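So the structure is just underneath, and the comments pick up after that.
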Amino acid sequence: MATAESGEYLDRPLVTQGFLENRRYQVELAETAGSNHTLVCLPTGLGKTTVSLLVTAQRLHSVGGTSLMLAPTKPLVQQHAEFYREALTVPDDEIVVFTGEVRPDDRAALWENARVVIATPQVVENDLVGNRISLADVTHCTFDECHRATGNYAYNYIAERYHADATDPLVTGMSASPGDDEEAILEVCENLGLSEVAVMTEDDADVADYTHDTSVEWKRIELPEVVVEIRDAINEVVADRLEQLKELGVTNKSSPDLSEREIQGMQAELRQLMDNDQSEGYQGMSLLAEIRKLRTAVTYIETQSVESLRRYFERLKEAARSSGASKADQRLVSEPKIREAIRKAREYDDLHPKFRRTRMLLAETLGIENGERVIVFTESRDTAETLVDFLSNHFETEKFVGQSDTDGSEGMTQTQQQETLDRFRAGEFEVLVSTSVAEEGLDVPEVDLVLFYEPVPTAIRAIQRKGRTGRQAEGRVVVLLAEDTRDEAYFWKARNDQKRMQQELQDLKSVAGDLEAELDQTGLDDYEDADGSGSAGSDGDGSGGDGDGESSGNGGQSVASESDAPTETEGNGQAGLDAFAGEATPEGGYDGDDDAGADDGTVATADGDEETVEIVADQRELDATIARDLSTREGIETRLETLAVGDYVLSDRVVVERKTVSDFLDTLTGGDRSMFEQVGDATRHYARPVVVIEGGDLYGARNVHRKAIQGALSSLSVDFGASVLQTADEDETADLLETIAQREQEEADREVSVHGEKQSRTLPEQQEYVVAAIGEVGPVTARSLLEHFGSVESVLTADEEELQAVDGVGSVTAERIREVVGGDYHDG
């Protein structure tokens, strides 16, 4: 790449003249990234995207081919696309966007003529697994917010395929916060095949001219007496449950201030008891489930608001009323101390002292100091919505949340999100209250104040939030801390992690010359070019990958469907606060990439290639790693469809229905007969249906009687004529599917043919379905009700006393049925 120009704007091939400011640090980073697979680290707001764009322009001009840029969310993809169309002289119709809103067939056609593709990783992953696109001609691949490249995230699979398939690959990873320590940063480099680290910090002279000081203050908040009383009442129940666990011999702890490590230790002890089929294990696990829920409740009351706690307990009550409700939920809502806490919460006429402090800080910033814009971040969507209601009485305030709907809360569509940001930039309102959806990468306008309603426990997220201010002028960050709560612990953890990460980046910067050797030792050589150089533009074919399809995986975390929102901890309030309370919550949470109708019913085998077998996977199976594992194996061609019957089609006569051990046992304990309906559909349409049960000890995983399990297995084999096979994990399932497909297609010379539709429900099944949906009573109770009353109409007109005369219907269920049937309807 050429040396930096001396003019005010950059003058480069394919770059719009007079558009990009000539910033020396960006040019230097682009020069490094243009010659090696590089991790680019640059503080938020200083133009990482410009660095990637300069590399893209240089590669398209000198090498040709296609550029692929991946970003974790739809709004970020759209933002990048707008920037690229302005900054590059490439025709707009050759810069295309791939998200789940673009039909799969359309994506395949667009790919053929595109020079720049900007996409969410889940869509690209789906298209690779479904063989709709090829990375062979991609000459530059950018992974934005690349710190996500851990565990089972789609970035890792795409990087593996890119290094294996591309003729002349070049990878750029971008992040303001690549990891909390050197080990995490090196993991990202290894997963993406990066051999260089180019770091610029705010201390670098070239960067300092474009940054301003951002002061960080923390405001301590004292909890009012009523809030303390409610918290203490909840903690008394925690202490009681700990005493019961103590009697079971799994803990000596009696104080409610548990650490997550202590909870995991108890969980391990209880699992051992369960493995030995001891009833104490199941009893203790139920008690531990109560403790986790109560810890979340404590977090709500301490750090969020009384309103958030009320909403949380309301959801617990709803869960306790539903069919198949856990004993933990039922015990909690009937616990006298919890009932008393709920009563006090209902009577309390305030929210939380954080609300008043927030209002004061906004009045100071927007009124006294004549500020224009403020962002308030919170972990919980419950809190976000309550804050909007509270602040709207004094300021022009709007919310910014993810796209998924949750209990009692509608998400925002991509269009709504974009319109909200546009109006915020235009100054149409003053205060944006956001969950974590606005933390990462989005071009949120410069603000005068970033207010953390609560601290976040990771350095990466703290840096992302802080980066919303201090770009063009001095900025201010305020963190609210409820005294003697988890707030303080999380604040100091994030602060210390941030200092350590900044030091690690400085260390990596100083030893950049030695980094490649260190990365090689951790396995980066798998990504090197055929000539071993590992650099872009070599004469080798760049395949490098071993193509065996093995991936590190994280136990089947759902990552392979289109992301409607960034990895956020918002949800219905509990999802966000579970993680905030120290409970394990999986990252991600993606809605499916709607590939319905992607292909017709029949898939032809490869022309004249008897060594290639095809496996058709249901796109809803992409929450597992099986399909993408198979897609990397030599001699296998995978395709995605929305299958009416089965999960995998291996020939014209073999369909596979896959169930995890947990799913299988749920069928036996929850009254859900869907598995038998699915296998029945498979039997009607395929001559050789196969049921694969995947996971550990089928007989020891739950407290389910051995004869019940054997009865279900017998029914599948004898009544339905299905072959029942068991595998240990997803890798073994993939091996089994490959073996069956090879036998069917290569040895038996059979073609792959997708056919069949689910059988329509009979009248009794439809009646059971209607009743089962009322108050979520479930299919078993629905059958009991219909057998007792004789018709759906009689069930709906029965009073509570008559309903309780039916087996399995208690006062809670009867009350819920009457509430649903007789209650007034209120839209929204």
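Residue numbering restarts at 1 for every chain of the structure tokens, chains are lettered A, B, ... in their displayed order, and ligands are numbered from 1 as they appear.
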Exercise. Just the alpha helix (DSSP H) stuff from region 33-219 of chain A, please, per backbone DSSP, written as number ranges by chain.
Key: A: 33, 48-62, 74-87, 104-113, 121-129, 154-165, 182-192, 205-208
Pull the closest atom pair for each residue of region 169-256 of chain A that gets at most 6 Å from region 30-52 of chain A, along with the distance in Å to one decimal, counting only C-alpha atoms, ordering rows by chain and then ascending residue number, as CSV.
residue,atom,partner,partner_atom,distance
A:Leu170,CA,A:His37,CA,5.6
A:Val171,CA,A:His37,CA,4.7
A:Thr172,CA,A:Thr38,CA,5.0
A:Gly173,CA,A:Leu39,CA,4.6
A:Met174,CA,A:Val40,CA,4.9
A:Ser175,CA,A:Cys41,CA,5.4
A:Ala176,CA,A:Pro43,CA,4.8
A:Leu194,CA,A:His37,CA,4.7
A:Ser195,CA,A:His37,CA,5.5
A:Glu196,CA,A:Thr38,CA,4.6
A:Val197,CA,A:Leu39,CA,4.7
A:Ala198,CA,A:Val40,CA,5.0
A:Val199,CA,A:Cys41,CA,4.7
A:Met200,CA,A:Leu42,CA,5.3
Determine, counting only C-alpha atoms, which protein, DNA and RNA residues have an atom within 12 Å of an atom of region 796-799 of chain A; residues of the same chain fewer than 2 positions away are not included. Present the result as a compact mmCIF listing (two decimals) with all heavy atoms, in the first residue's frame.
# COMPACT_ATOMS: atom_id res chain seq x y z
N GLN A 767 -59.16 -30.61 19.35
CA GLN A 767 -59.83 -30.26 20.60
C GLN A 767 -58.82 -30.21 21.75
O GLN A 767 -58.85 -29.30 22.59
CB GLN A 767 -60.96 -31.25 20.89
CG GLN A 767 -62.13 -31.13 19.91
CD GLN A 767 -63.11 -32.27 20.06
OE1 GLN A 767 -62.73 -33.42 20.28
NE2 GLN A 767 -64.41 -31.96 19.93
N VAL A 770 -56.73 -27.03 21.51
CA VAL A 770 -57.41 -25.81 21.96
C VAL A 770 -57.41 -25.72 23.48
O VAL A 770 -57.05 -24.70 24.06
CB VAL A 770 -58.86 -25.77 21.42
CG1 VAL A 770 -59.65 -24.63 22.08
CG2 VAL A 770 -58.86 -25.59 19.91
N VAL A 771 -57.77 -26.81 24.14
CA VAL A 771 -57.85 -26.79 25.60
C VAL A 771 -56.46 -26.68 26.21
O VAL A 771 -56.25 -25.98 27.21
CB VAL A 771 -58.58 -28.04 26.12
CG1 VAL A 771 -58.56 -28.08 27.66
CG2 VAL A 771 -60.02 -28.06 25.62
N ALA A 772 -55.48 -27.35 25.61
CA ALA A 772 -54.11 -27.32 26.14
C ALA A 772 -53.54 -25.92 26.14
O ALA A 772 -52.68 -25.58 26.96
CB ALA A 772 -53.21 -28.25 25.33
N ALA A 773 -54.01 -25.09 25.20
CA ALA A 773 -53.48 -23.73 25.09
C ALA A 773 -54.05 -22.79 26.14
O ALA A 773 -53.49 -21.72 26.39
CB ALA A 773 -53.76 -23.17 23.69
N ILE A 774 -55.14 -23.17 26.77
CA ILE A 774 -55.79 -22.29 27.76
C ILE A 774 -54.96 -22.28 29.04
O ILE A 774 -54.82 -23.30 29.70
CB ILE A 774 -57.21 -22.77 28.09
CG1 ILE A 774 -58.06 -22.83 26.83
CG2 ILE A 774 -57.86 -21.85 29.13
CD1 ILE A 774 -59.39 -23.49 27.05
N GLY A 775 -54.41 -21.15 29.37
CA GLY A 775 -53.63 -21.06 30.59
C GLY A 775 -52.45 -22.00 30.59
O GLY A 775 -51.92 -22.34 31.65
N ALA A 782 -55.31 -31.40 29.42
CA ALA A 782 -56.35 -31.15 28.42
C ALA A 782 -57.17 -32.41 28.17
O ALA A 782 -58.41 -32.36 28.10
CB ALA A 782 -55.72 -30.65 27.12
N LEU A 785 -59.47 -33.04 31.11
CA LEU A 785 -60.60 -32.12 31.10
C LEU A 785 -61.65 -32.53 30.07
O LEU A 785 -62.86 -32.52 30.34
CB LEU A 785 -60.12 -30.69 30.83
CG LEU A 785 -59.37 -30.00 31.98
CD1 LEU A 785 -58.59 -28.78 31.47
CD2 LEU A 785 -60.35 -29.58 33.08
N LEU A 786 -61.19 -32.90 28.88
CA LEU A 786 -62.13 -33.27 27.82
C LEU A 786 -62.83 -34.58 28.15
O LEU A 786 -64.03 -34.75 27.87
CB LEU A 786 -61.40 -33.37 26.48
CG LEU A 786 -61.03 -32.02 25.84
CD1 LEU A 786 -60.00 -32.20 24.75
CD2 LEU A 786 -62.29 -31.34 25.30
N HIS A 788 -63.52 -35.61 31.09
CA HIS A 788 -64.45 -35.34 32.19
C HIS A 788 -65.68 -34.58 31.72
O HIS A 788 -66.82 -34.94 32.07
CB HIS A 788 -63.73 -34.54 33.28
CG HIS A 788 -64.58 -34.25 34.48
ND1 HIS A 788 -64.67 -35.11 35.56
CD2 HIS A 788 -65.39 -33.19 34.78
CE1 HIS A 788 -65.49 -34.60 36.46
NE2 HIS A 788 -65.94 -33.43 36.02
N PHE A 789 -65.48 -33.52 30.91
CA PHE A 789 -66.59 -32.66 30.52
C PHE A 789 -67.23 -33.03 29.18
O PHE A 789 -68.36 -32.64 28.90
CB PHE A 789 -66.14 -31.19 30.48
CG PHE A 789 -65.85 -30.61 31.83
CD1 PHE A 789 -64.55 -30.40 32.25
CD2 PHE A 789 -66.88 -30.29 32.70
CE1 PHE A 789 -64.27 -29.87 33.49
CE2 PHE A 789 -66.62 -29.76 33.96
CZ PHE A 789 -65.31 -29.54 34.37
N GLY A 790 -66.48 -33.72 28.32
CA GLY A 790 -67.06 -34.23 27.08
C GLY A 790 -66.94 -33.33 25.88
O GLY A 790 -67.10 -33.78 24.75
N SER A 791 -66.65 -32.01 26.05
CA SER A 791 -66.52 -31.10 24.91
C SER A 791 -65.69 -29.89 25.32
O SER A 791 -65.57 -29.57 26.51
CB SER A 791 -67.89 -30.64 24.40
OG SER A 791 -68.49 -29.77 25.35
N VAL A 792 -65.17 -29.20 24.32
CA VAL A 792 -64.42 -27.97 24.58
C VAL A 792 -65.33 -26.92 25.21
O VAL A 792 -64.96 -26.24 26.17
CB VAL A 792 -63.81 -27.42 23.26
CG1 VAL A 792 -63.16 -26.06 23.51
CG2 VAL A 792 -62.80 -28.40 22.69
N GLU A 793 -66.56 -26.83 24.70
CA GLU A 793 -67.50 -25.83 25.22
C GLU A 793 -67.77 -26.03 26.71
O GLU A 793 -67.80 -25.07 27.49
CB GLU A 793 -68.81 -25.91 24.44
CG GLU A 793 -69.84 -24.86 24.86
CD GLU A 793 -71.11 -24.94 24.05
OE1 GLU A 793 -71.28 -25.94 23.31
OE2 GLU A 793 -71.93 -24.02 24.15
N SER A 794 -67.92 -27.29 27.13
CA SER A 794 -68.20 -27.57 28.54
C SER A 794 -67.01 -27.23 29.42
O SER A 794 -67.18 -26.78 30.55
CB SER A 794 -68.59 -29.05 28.72
OG SER A 794 -69.77 -29.34 28.01
N GLU A 801 -64.83 -24.60 40.87
CA GLU A 801 -65.10 -25.78 41.68
C GLU A 801 -65.26 -27.02 40.80
O GLU A 801 -64.73 -28.10 41.11
CB GLU A 801 -66.37 -25.55 42.51
CG GLU A 801 -66.64 -26.67 43.51
CD GLU A 801 -67.84 -26.36 44.38
OE1 GLU A 801 -68.25 -25.18 44.46
OE2 GLU A 801 -68.37 -27.32 44.99
N GLU A 802 -65.97 -26.87 39.68
CA GLU A 802 -66.14 -28.00 38.76
C GLU A 802 -64.80 -28.39 38.14
O GLU A 802 -64.51 -29.59 37.96
CB GLU A 802 -67.13 -27.61 37.66
CG GLU A 802 -68.56 -27.45 38.16
CD GLU A 802 -69.47 -26.86 37.11
OE1 GLU A 802 -69.01 -26.00 36.32
OE2 GLU A 802 -70.65 -27.24 37.08
N LEU A 803 -63.98 -27.42 37.81
CA LEU A 803 -62.68 -27.71 37.21
C LEU A 803 -61.79 -28.48 38.17
O LEU A 803 -61.07 -29.41 37.77
CB LEU A 803 -61.98 -26.41 36.78
CG LEU A 803 -62.60 -25.67 35.59
CD1 LEU A 803 -62.00 -24.28 35.45
CD2 LEU A 803 -62.37 -26.45 34.30
N GLN A 804 -61.84 -28.13 39.46
CA GLN A 804 -60.97 -28.79 40.44
C GLN A 804 -61.38 -30.23 40.70
O GLN A 804 -60.61 -30.99 41.32
CB GLN A 804 -60.97 -27.99 41.75
CG GLN A 804 -60.23 -26.67 41.64
CD GLN A 804 -60.21 -25.93 42.97
OE1 GLN A 804 -59.73 -26.46 43.97
NE2 GLN A 804 -60.71 -24.71 42.98
N ALA A 805 -62.53 -30.66 40.22
CA ALA A 805 -62.96 -32.04 40.37
C ALA A 805 -62.23 -32.97 39.40
O ALA A 805 -62.32 -34.20 39.50
CB ALA A 805 -64.47 -32.15 40.16
N VAL A 806 -61.50 -32.38 38.47
CA VAL A 806 -60.79 -33.17 37.45
C VAL A 806 -59.39 -33.51 37.94
O VAL A 806 -58.71 -32.66 38.54
CB VAL A 806 -60.71 -32.38 36.13
CG1 VAL A 806 -59.94 -33.17 35.07
CG2 VAL A 806 -62.11 -32.03 35.64
N SER A 811 -56.17 -25.67 42.42
CA SER A 811 -56.78 -24.34 42.52
C SER A 811 -56.08 -23.33 41.61
O SER A 811 -56.73 -22.47 41.00
CB SER A 811 -56.75 -23.86 43.98
OG SER A 811 -55.41 -23.81 44.45
N THR A 813 -54.41 -23.90 38.75
CA THR A 813 -54.76 -24.15 37.34
C THR A 813 -56.20 -23.73 37.06
O THR A 813 -56.48 -23.11 36.02
CB THR A 813 -54.57 -25.64 37.01
OG1 THR A 813 -53.21 -26.00 37.26
CG2 THR A 813 -54.89 -25.92 35.55
N ALA A 814 -57.10 -24.07 37.98
CA ALA A 814 -58.51 -23.71 37.78
C ALA A 814 -58.68 -22.19 37.72
O ALA A 814 -59.40 -21.66 36.86
CB ALA A 814 -59.37 -24.29 38.90
N GLU A 815 -58.00 -21.50 38.62
CA GLU A 815 -58.07 -20.03 38.62
C GLU A 815 -57.53 -19.46 37.32
O GLU A 815 -58.10 -18.52 36.74
CB GLU A 815 -57.26 -19.50 39.81
CG GLU A 815 -57.24 -17.98 39.90
CD GLU A 815 -56.30 -17.47 40.99
OE1 GLU A 815 -55.76 -18.30 41.75
OE2 GLU A 815 -56.07 -16.25 41.05
N ARG A 816 -56.45 -20.04 36.83
CA ARG A 816 -55.83 -19.54 35.60
C ARG A 816 -56.77 -19.76 34.41
O ARG A 816 -56.91 -18.88 33.54
CB ARG A 816 -54.49 -20.25 35.38
CG ARG A 816 -53.76 -19.84 34.11
CD ARG A 816 -53.41 -18.39 34.13
NE ARG A 816 -52.61 -18.01 32.97
CZ ARG A 816 -52.57 -16.80 32.46
NH1 ARG A 816 -53.28 -15.83 32.99
NH2 ARG A 816 -51.81 -16.54 31.41
N ILE A 817 -57.41 -20.93 34.35
CA ILE A 817 -58.33 -21.22 33.24
C ILE A 817 -59.47 -20.21 33.23
O ILE A 817 -59.82 -19.64 32.19
CB ILE A 817 -58.88 -22.66 33.35
CG1 ILE A 817 -57.75 -23.68 33.10
CG2 ILE A 817 -60.02 -22.88 32.35
CD1 ILE A 817 -58.16 -25.11 33.36
N ARG A 818 -60.06 -19.97 34.39
CA ARG A 818 -61.16 -19.02 34.46
C ARG A 818 -60.71 -17.60 34.11
O ARG A 818 -61.44 -16.83 33.49
CB ARG A 818 -61.80 -19.03 35.86
CG ARG A 818 -62.58 -20.30 36.18
CD ARG A 818 -63.59 -20.68 35.12
NE ARG A 818 -64.41 -19.54 34.69
CZ ARG A 818 -65.00 -19.44 33.52
NH1 ARG A 818 -64.85 -20.41 32.61
NH2 ARG A 818 -65.73 -18.39 33.21
N GLU A 819 -59.49 -17.27 34.54
CA GLU A 819 -58.95 -15.94 34.24
C GLU A 819 -58.81 -15.74 32.74
O GLU A 819 -59.17 -14.68 32.19
CB GLU A 819 -57.60 -15.77 34.92
CG GLU A 819 -56.95 -14.41 34.70
CD GLU A 819 -55.57 -14.31 35.34
OE1 GLU A 819 -55.18 -15.25 36.07
OE2 GLU A 819 -54.88 -13.31 35.07
N VAL A 820 -58.31 -16.76 32.03
CA VAL A 820 -58.12 -16.67 30.59
C VAL A 820 -59.46 -16.65 29.86
O VAL A 820 -59.70 -15.85 28.96
CB VAL A 820 -57.24 -17.83 30.08
CG1 VAL A 820 -57.21 -17.84 28.55
CG2 VAL A 820 -55.83 -17.71 30.63
N VAL A 821 -60.37 -17.56 30.27
CA VAL A 821 -61.65 -17.70 29.57
C VAL A 821 -62.57 -16.52 29.85
O VAL A 821 -63.23 -15.99 28.95
CB VAL A 821 -62.33 -19.02 29.98
CG1 VAL A 821 -63.74 -19.09 29.39
CG2 VAL A 821 -61.51 -20.21 29.50
N GLY A 822 -62.61 -16.06 31.11
CA GLY A 822 -63.58 -15.05 31.49
C GLY A 822 -63.06 -13.63 31.60
O GLY A 822 -63.84 -12.69 31.75
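With only C-alpha atoms taken into account, the protein and nucleic acid residues at most 7 Å from region 215-223 of chain A (excluding it and anything under 6 positions from it in its own chain) are Pro353, Lys354, Gly475, Arg476, Val477, Val478, Val479, Leu480, Leu481, Ala482 and Glu483 of chain A.
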Exercise. Between CA of Ser322 (chain A) and CA of Thr781 (chain A), measure the distance and give it in Å to one decimal.
Key: 10.9 Å
Self-check item: For Ala627 (chain A): contacts at 7 Å, only C-alpha atoms, fewer than 4 positions along chain excluded, given as a PyMOL selection string
Solution: chain A and resi 129+617+622+631
Quiz prompt | For Thr66 (chain A): contacts at 6 Å, only C-alpha atoms, fewer than 6 positions along chain excluded, given as a list in words | solution = Arg115, Val116, Val138 and Thr139 of chain A
Quiz item: Quick one: of A:Pro764, A:Ile185, A:Ala149, A:Pro75, who's nearest to Met412 (chain A), counting only C-alpha atoms?
Solution: A:Pro75
Practice problem: With a distance cut-off of 6 Å and only C-alpha atoms, select the neighbouring residues of region 722-730 of chain A, excluding the residue or stretch itself and same-chain residues fewer than 4 positions from it, and output the selection as a PyMOL selection string. | Solution: chain A and resi 626+689-696+716-717
